[in-house]
Every structure is written in C-alpha cells, then in structure tokens.
Amino acid sequence: TITLQSSSPNAEDQEPSDSLALRPTTVSLGEQAAYDHAFNMLKQSRYEDAAEEFANFLRQYRNSQLTDDAWYWMAEAHYVTRDFERALIGFNTVVSYFVNSSRIPASRLKIGYIQYETSDYEGSRETLTQLLRDFPAHRVAVSAEARLKKMDRERQ
C-alpha cells in the first residue's frame with residue numbers, strides 16, 4: 001500500500017475511522033448535497049475540483065454511508081488525470097477498509113490498470129487474475145479479461 005507523504009491535511013492522509021461497523025444507515029441532507037456537488041463536478045469533467053470536493057466530503061463526513069463511494073470517485077478523478085499515486089491511495093483505501101463495499105471489484109480493476117500504466121506488469125497480471133477469481137460474474141470481469149489478453153498479446 002502506498003501512503004501519501006504530505007504536510008497538508010488531506011483526506012488521503014487520514015485512514016478511515018476504525019468504527020466503520022458503526023456507520024449510520026441513513027444519509028443526512030447535508031451529506032447528500034456535499035456528495036452530489038462533488039459528483040456533479042466529476043460528471044462535468046472538472047476532475048481536479050471533484051477530487052478536492054470529495055476530499056472535503058471525506059474530512060467532513062468521516063463515517064458516512066457514502067464514504068466508500070467518495071473514496072472511489074476521488075480516486076477515479078485522480079486516475080483520469082493520471083495522478084496514479086493518489087488514485088492508488090484511494091482505490092487501495094476502498095479495498096482495504098470497506099470490506100463490504102460494492103466498489104471493491106471496480107477499485108481492484110483500476111489498481112490493475114494503474115499497475116499496468118506504471119509498467120508493473122507482474123503486479124497488474126496478479127491483481128487482475130485475482131479479481132477474476134474473486135468476482136468472476138461481476139461486470140468488471142470482462143474488462144479484466146480484456147486487459148489480460150492484451151498483456152498476453154504484448155508478450156509475444
């Protein structure tokens with residue numbers, strides 16, 4: 001796992017609360033509005049702004065039901081701008097701290113993609129193969145298989 005070394009207080013610097021099992025089961029109007037604001041920036045392709053707004057959300061609503069989604073979309077915003085180090089932090093956070101998150105398969109796919117993009121082909125192959133073992137029927141399995149086939153063709 002990569003950790004971000006920074007002197008500024010960022011959402012990426014903080015581990016999620018240890019009391020994830022105690023997360024509330026409802027989302028307040030303020031939480032939803034803050035999340036929607038960040039997500040709308042993402043939909044408008046304002047990736048840097050979206051990443052910052054998701055980071056703000058994570059600082060303000062550490063135990064929200066939307067925390068895993070916020071980490072995922074913040075990581076996605078970093079991924080799209082090719083800030084792979086920060087993207088990896090977010091995707092690894094989803095995988096490591098939100099064991100029941102529906103975002104785990106897509107996060108693992110993106111981790112495999114980042115490993116590929118950063119020339120860690122062995123790590124990428126391992127991540128994508130494990131993804132296929134753990135989630136063979138998930139929609140991201142098709143993308144994982146396609147990337148593994150591409151890697152096989154590139155080996156030849």
# chains A, B, ... in the order shown; residues from 1 in each chain; ligands from 1

$ select_by_dssp --residues "chain A" --states "alpha helix (DSSP H)" --output "PyMOL selection string"
chain A and resi 29-43+47-60+67-80+84-97+104-117+121-134+140-155

$ residues_around --residues "region 105-114 of chain A" --least-positions-apart "3" --cutoff "10 Å" --atoms "only C-alpha atoms" --output "ChimeraX atom specification"
/A:71-73,75-76,79,82-85,87-95,101-102,117-132,134-136,138-141,143-144,147-148

$ residues_around --residues "region 37-53 of chain A" --least-positions-apart "3" --cutoff "8 Å" --atoms "only C-alpha atoms" --output "ChimeraX atom specification"
/A:33-34,56-57,73-75,77-78,80-81

$ write_last_selection --atoms "all heavy atoms" --output "PDB file, in the first residue's frame"
ATOM      1  N   ALA A  33     -26.038  16.420  -0.218  1.00  0.00           N
ATOM      2  CA  ALA A  33     -25.776  17.619  -1.026  1.00  0.00           C
ATOM      3  C   ALA A  33     -24.287  17.771  -1.313  1.00  0.00           C
ATOM      4  O   ALA A  33     -23.886  18.084  -2.448  1.00  0.00           O
ATOM      5  CB  ALA A  33     -26.321  18.857  -0.329  1.00  0.00           C
ATOM      6  N   ALA A  34     -23.450  17.550  -0.311  1.00  0.00           N
ATOM      7  CA  ALA A  34     -22.000  17.669  -0.491  1.00  0.00           C
ATOM      8  C   ALA A  34     -21.489  16.601  -1.467  1.00  0.00           C
ATOM      9  O   ALA A  34     -20.668  16.885  -2.350  1.00  0.00           O
ATOM     10  CB  ALA A  34     -21.287  17.556   0.857  1.00  0.00           C
ATOM     11  N   ASN A  56     -12.962  17.093   0.632  1.00  0.00           N
ATOM     12  CA  ASN A  56     -13.688  17.892   1.628  1.00  0.00           C
ATOM     13  C   ASN A  56     -14.813  17.080   2.255  1.00  0.00           C
ATOM     14  O   ASN A  56     -15.016  17.122   3.472  1.00  0.00           O
ATOM     15  CB  ASN A  56     -14.272  19.162   0.988  1.00  0.00           C
ATOM     16  CG  ASN A  56     -13.211  20.170   0.608  1.00  0.00           C
ATOM     17  OD1 ASN A  56     -12.097  20.143   1.138  1.00  0.00           O
ATOM     18  ND2 ASN A  56     -13.541  21.042  -0.326  1.00  0.00           N
ATOM     19  N   PHE A  57     -15.537  16.345   1.427  1.00  0.00           N
ATOM     20  CA  PHE A  57     -16.608  15.484   1.923  1.00  0.00           C
ATOM     21  C   PHE A  57     -16.064  14.489   2.941  1.00  0.00           C
ATOM     22  O   PHE A  57     -16.636  14.303   4.020  1.00  0.00           O
ATOM     23  CB  PHE A  57     -17.279  14.742   0.757  1.00  0.00           C
ATOM     24  CG  PHE A  57     -18.314  13.746   1.207  1.00  0.00           C
ATOM     25  CD1 PHE A  57     -19.634  14.131   1.365  1.00  0.00           C
ATOM     26  CD2 PHE A  57     -17.963  12.433   1.478  1.00  0.00           C
ATOM     27  CE1 PHE A  57     -20.596  13.219   1.800  1.00  0.00           C
ATOM     28  CE2 PHE A  57     -18.901  11.519   1.912  1.00  0.00           C
ATOM     29  CZ  PHE A  57     -20.225  11.917   2.079  1.00  0.00           C
ATOM     30  N   TRP A  73     -14.716   7.643  -6.016  1.00  0.00           N
ATOM     31  CA  TRP A  73     -14.829   8.682  -7.036  1.00  0.00           C
ATOM     32  C   TRP A  73     -13.684   9.682  -6.953  1.00  0.00           C
ATOM     33  O   TRP A  73     -13.252  10.214  -7.984  1.00  0.00           O
ATOM     34  CB  TRP A  73     -16.192   9.364  -6.972  1.00  0.00           C
ATOM     35  CG  TRP A  73     -17.277   8.437  -7.419  1.00  0.00           C
ATOM     36  CD1 TRP A  73     -18.325   7.969  -6.661  1.00  0.00           C
ATOM     37  CD2 TRP A  73     -17.421   7.831  -8.703  1.00  0.00           C
ATOM     38  NE1 TRP A  73     -19.096   7.118  -7.404  1.00  0.00           N
ATOM     39  CE2 TRP A  73     -18.569   7.011  -8.667  1.00  0.00           C
ATOM     40  CE3 TRP A  73     -16.694   7.898  -9.891  1.00  0.00           C
ATOM     41  CZ2 TRP A  73     -19.004   6.282  -9.771  1.00  0.00           C
ATOM     42  CZ3 TRP A  73     -17.125   7.165 -10.986  1.00  0.00           C
ATOM     43  CH2 TRP A  73     -18.265   6.369 -10.915  1.00  0.00           C
ATOM     44  N   MET A  74     -13.172   9.930  -5.752  1.00  0.00           N
ATOM     45  CA  MET A  74     -11.995  10.787  -5.631  1.00  0.00           C
ATOM     46  C   MET A  74     -10.817  10.105  -6.352  1.00  0.00           C
ATOM     47  O   MET A  74     -10.083  10.749  -7.112  1.00  0.00           O
ATOM     48  CB  MET A  74     -11.650  11.048  -4.164  1.00  0.00           C
ATOM     49  CG  MET A  74     -10.454  11.976  -3.993  1.00  0.00           C
ATOM     50  SD  MET A  74     -10.141  12.424  -2.284  1.00  0.00           S
ATOM     51  CE  MET A  74      -9.795  10.834  -1.554  1.00  0.00           C
ATOM     52  N   ALA A  75     -10.663   8.808  -6.125  1.00  0.00           N
ATOM     53  CA  ALA A  75      -9.599   8.052  -6.793  1.00  0.00           C
ATOM     54  C   ALA A  75      -9.801   8.069  -8.309  1.00  0.00           C
ATOM     55  O   ALA A  75      -8.841   8.224  -9.072  1.00  0.00           O
ATOM     56  CB  ALA A  75      -9.568   6.620  -6.271  1.00  0.00           C
ATOM     57  N   ALA A  77     -11.237  10.383 -10.090  1.00  0.00           N
ATOM     58  CA  ALA A  77     -10.861  11.717 -10.576  1.00  0.00           C
ATOM     59  C   ALA A  77      -9.339  11.823 -10.722  1.00  0.00           C
ATOM     60  O   ALA A  77      -8.836  12.373 -11.700  1.00  0.00           O
ATOM     61  CB  ALA A  77     -11.388  12.798  -9.644  1.00  0.00           C
ATOM     62  N   HIS A  78      -8.612  11.277  -9.754  1.00  0.00           N
ATOM     63  CA  HIS A  78      -7.147  11.276  -9.856  1.00  0.00           C
ATOM     64  C   HIS A  78      -6.677  10.371 -10.994  1.00  0.00           C
ATOM     65  O   HIS A  78      -5.724  10.699 -11.714  1.00  0.00           O
ATOM     66  CB  HIS A  78      -6.512  10.828  -8.541  1.00  0.00           C
ATOM     67  CG  HIS A  78      -6.658  11.801  -7.422  1.00  0.00           C
ATOM     68  ND1 HIS A  78      -6.317  13.131  -7.520  1.00  0.00           N
ATOM     69  CD2 HIS A  78      -7.117  11.631  -6.163  1.00  0.00           C
ATOM     70  CE1 HIS A  78      -6.544  13.740  -6.373  1.00  0.00           C
ATOM     71  NE2 HIS A  78      -7.040  12.848  -5.544  1.00  0.00           N
ATOM     72  N   VAL A  80      -8.232   9.622 -13.835  1.00  0.00           N
ATOM     73  CA  VAL A  80      -8.493  10.247 -15.127  1.00  0.00           C
ATOM     74  C   VAL A  80      -7.437  11.299 -15.450  1.00  0.00           C
ATOM     75  O   VAL A  80      -7.053  11.464 -16.608  1.00  0.00           O
ATOM     76  CB  VAL A  80      -9.917  10.853 -15.146  1.00  0.00           C
ATOM     77  CG1 VAL A  80     -10.140  11.713 -16.368  1.00  0.00           C
ATOM     78  CG2 VAL A  80     -10.955   9.751 -15.079  1.00  0.00           C
ATOM     79  N   THR A  81      -6.935  11.981 -14.440  1.00  0.00           N
ATOM     80  CA  THR A  81      -5.894  12.995 -14.664  1.00  0.00           C
ATOM     81  C   THR A  81      -4.488  12.394 -14.590  1.00  0.00           C
ATOM     82  O   THR A  81      -3.503  13.126 -14.585  1.00  0.00           O
ATOM     83  CB  THR A  81      -6.030  14.154 -13.657  1.00  0.00           C
ATOM     84  OG1 THR A  81      -5.906  13.647 -12.326  1.00  0.00           O
ATOM     85  CG2 THR A  81      -7.365  14.864 -13.818  1.00  0.00           C
TER      86      THR A  81
END

$ atom_distance --atom1 "CA of Thr67 (chain A)" --atom2 "CA of Phe98 (chain A)"
8.9 Å

$ residues_around --residues "Ser28 (chain A)" --least-positions-apart "2" --cutoff "12 Å" --atoms "only C-alpha atoms" --output "list in words"
Pro24, Thr25, Thr26, Gly30, Glu31, Gln32, Ala33, Ala34, Tyr35, Tyr61, Asn63, Ser64, Gln65 and Leu66 of chain A

$ closest_residue --among "A:Glu145, A:Arg62, A:Asp68, A:Arg133" --to "Val99 (chain A)" --atoms "only C-alpha atoms"
A:Asp68

$ atom_distance --atom1 "CA of Met151 (chain A)" --atom2 "CA of Tyr116 (chain A)"
8.9 Å

$ decode --residues "region 63-77 of chain A" --atoms "all heavy atoms" --output "tab-separated table (two decimals), in the first residue's frame"
chain	number	residue	atom	x	y	z
A	63	ASN	N	-17.72	9.20	8.73
A	63	ASN	CA	-18.42	7.94	8.96
A	63	ASN	C	-19.70	7.82	8.15
A	63	ASN	O	-20.61	7.09	8.52
A	63	ASN	CB	-18.73	7.78	10.45
A	63	ASN	CG	-17.46	7.62	11.26
A	63	ASN	OD1	-16.58	6.87	10.87
A	63	ASN	ND2	-17.35	8.33	12.35
A	64	SER	N	-19.76	8.49	7.04
A	64	SER	CA	-20.95	8.48	6.19
A	64	SER	C	-21.13	7.13	5.50
A	64	SER	O	-20.16	6.42	5.24
A	64	SER	CB	-20.82	9.58	5.13
A	64	SER	OG	-21.83	9.47	4.16
A	65	GLN	N	-22.36	6.83	5.17
A	65	GLN	CA	-22.65	5.66	4.33
A	65	GLN	C	-22.03	5.82	2.95
A	65	GLN	O	-21.86	4.86	2.23
A	65	GLN	CB	-24.16	5.47	4.18
A	65	GLN	CG	-24.83	4.82	5.36
A	65	GLN	CD	-24.40	3.38	5.50
A	65	GLN	OE1	-23.63	3.04	6.39
A	65	GLN	NE2	-24.87	2.52	4.63
A	66	LEU	N	-21.73	7.04	2.58
A	66	LEU	CA	-21.19	7.34	1.25
A	66	LEU	C	-19.66	7.41	1.21
A	66	LEU	O	-19.08	7.71	0.17
A	66	LEU	CB	-21.76	8.68	0.76
A	66	LEU	CG	-23.28	8.75	0.63
A	66	LEU	CD1	-23.73	10.18	0.36
A	66	LEU	CD2	-23.78	7.80	-0.44
A	67	THR	N	-19.02	7.10	2.33
A	67	THR	CA	-17.57	7.26	2.42
A	67	THR	C	-16.82	6.41	1.39
A	67	THR	O	-15.91	6.89	0.73
A	67	THR	CB	-17.08	6.95	3.85
A	67	THR	OG1	-17.76	7.81	4.75
A	67	THR	CG2	-15.59	7.17	4.00
A	68	ASP	N	-17.21	5.14	1.25
A	68	ASP	CA	-16.50	4.30	0.27
A	68	ASP	C	-16.71	4.81	-1.15
A	68	ASP	O	-15.78	4.84	-1.94
A	68	ASP	CB	-16.92	2.83	0.40
A	68	ASP	CG	-18.41	2.58	0.21
A	68	ASP	OD1	-19.22	3.45	0.55
A	68	ASP	OD2	-18.76	1.47	-0.27
A	69	ASP	N	-17.93	5.28	-1.45
A	69	ASP	CA	-18.17	5.85	-2.77
A	69	ASP	C	-17.34	7.11	-2.98
A	69	ASP	O	-16.80	7.33	-4.07
A	69	ASP	CB	-19.65	6.20	-2.94
A	69	ASP	CG	-20.54	4.97	-3.07
A	69	ASP	OD1	-20.05	3.93	-3.56
A	69	ASP	OD2	-21.72	5.05	-2.68
A	70	ALA	N	-17.24	7.95	-1.95
A	70	ALA	CA	-16.46	9.19	-2.07
A	70	ALA	C	-14.99	8.86	-2.31
A	70	ALA	O	-14.33	9.49	-3.15
A	70	ALA	CB	-16.63	10.04	-0.82
A	71	TRP	N	-14.44	7.88	-1.58
A	71	TRP	CA	-13.05	7.48	-1.82
A	71	TRP	C	-12.88	6.96	-3.25
A	71	TRP	O	-11.90	7.29	-3.93
A	71	TRP	CB	-12.62	6.38	-0.83
A	71	TRP	CG	-12.13	6.90	0.48
A	71	TRP	CD1	-12.80	6.95	1.65
A	71	TRP	CD2	-10.82	7.44	0.75
A	71	TRP	NE1	-12.00	7.48	2.63
A	71	TRP	CE2	-10.79	7.79	2.10
A	71	TRP	CE3	-9.69	7.65	-0.03
A	71	TRP	CZ2	-9.67	8.35	2.70
A	71	TRP	CZ3	-8.57	8.20	0.56
A	71	TRP	CH2	-8.57	8.54	1.92
A	72	TYR	N	-13.84	6.17	-3.71
A	72	TYR	CA	-13.76	5.61	-5.06
A	72	TYR	C	-13.76	6.72	-6.10
A	72	TYR	O	-12.92	6.75	-6.99
A	72	TYR	CB	-14.92	4.63	-5.32
A	72	TYR	CG	-14.91	4.13	-6.74
A	72	TYR	CD1	-14.08	3.07	-7.10
A	72	TYR	CD2	-15.67	4.74	-7.72
A	72	TYR	CE1	-14.03	2.63	-8.41
A	72	TYR	CE2	-15.63	4.31	-9.04
A	72	TYR	CZ	-14.81	3.25	-9.37
A	72	TYR	OH	-14.74	2.83	-10.67
A	73	TRP	N	-14.72	7.64	-6.02
A	73	TRP	CA	-14.83	8.68	-7.04
A	73	TRP	C	-13.68	9.68	-6.95
A	73	TRP	O	-13.25	10.21	-7.98
A	73	TRP	CB	-16.19	9.36	-6.97
A	73	TRP	CG	-17.28	8.44	-7.42
A	73	TRP	CD1	-18.33	7.97	-6.66
A	73	TRP	CD2	-17.42	7.83	-8.70
A	73	TRP	NE1	-19.10	7.12	-7.40
A	73	TRP	CE2	-18.57	7.01	-8.67
A	73	TRP	CE3	-16.69	7.90	-9.89
A	73	TRP	CZ2	-19.00	6.28	-9.77
A	73	TRP	CZ3	-17.13	7.17	-10.99
A	73	TRP	CH2	-18.27	6.37	-10.92
A	74	MET	N	-13.17	9.93	-5.75
A	74	MET	CA	-12.00	10.79	-5.63
A	74	MET	C	-10.82	10.10	-6.35
A	74	MET	O	-10.08	10.75	-7.11
A	74	MET	CB	-11.65	11.05	-4.16
A	74	MET	CG	-10.45	11.98	-3.99
A	74	MET	SD	-10.14	12.42	-2.28
A	74	MET	CE	-9.80	10.83	-1.55
A	75	ALA	N	-10.66	8.81	-6.12
A	75	ALA	CA	-9.60	8.05	-6.79
A	75	ALA	C	-9.80	8.07	-8.31
A	75	ALA	O	-8.84	8.22	-9.07
A	75	ALA	CB	-9.57	6.62	-6.27
A	76	GLU	N	-11.04	7.93	-8.74
A	76	GLU	CA	-11.34	7.95	-10.17
A	76	GLU	C	-10.96	9.30	-10.78
A	76	GLU	O	-10.39	9.34	-11.89
A	76	GLU	CB	-12.83	7.67	-10.39
A	76	GLU	CG	-13.23	7.53	-11.83
A	76	GLU	CD	-12.67	6.30	-12.52
A	76	GLU	OE1	-12.34	5.30	-11.86
A	76	GLU	OE2	-12.54	6.35	-13.76
A	77	ALA	N	-11.24	10.38	-10.09
A	77	ALA	CA	-10.86	11.72	-10.58
A	77	ALA	C	-9.34	11.82	-10.72
A	77	ALA	O	-8.84	12.37	-11.70
A	77	ALA	CB	-11.39	12.80	-9.64
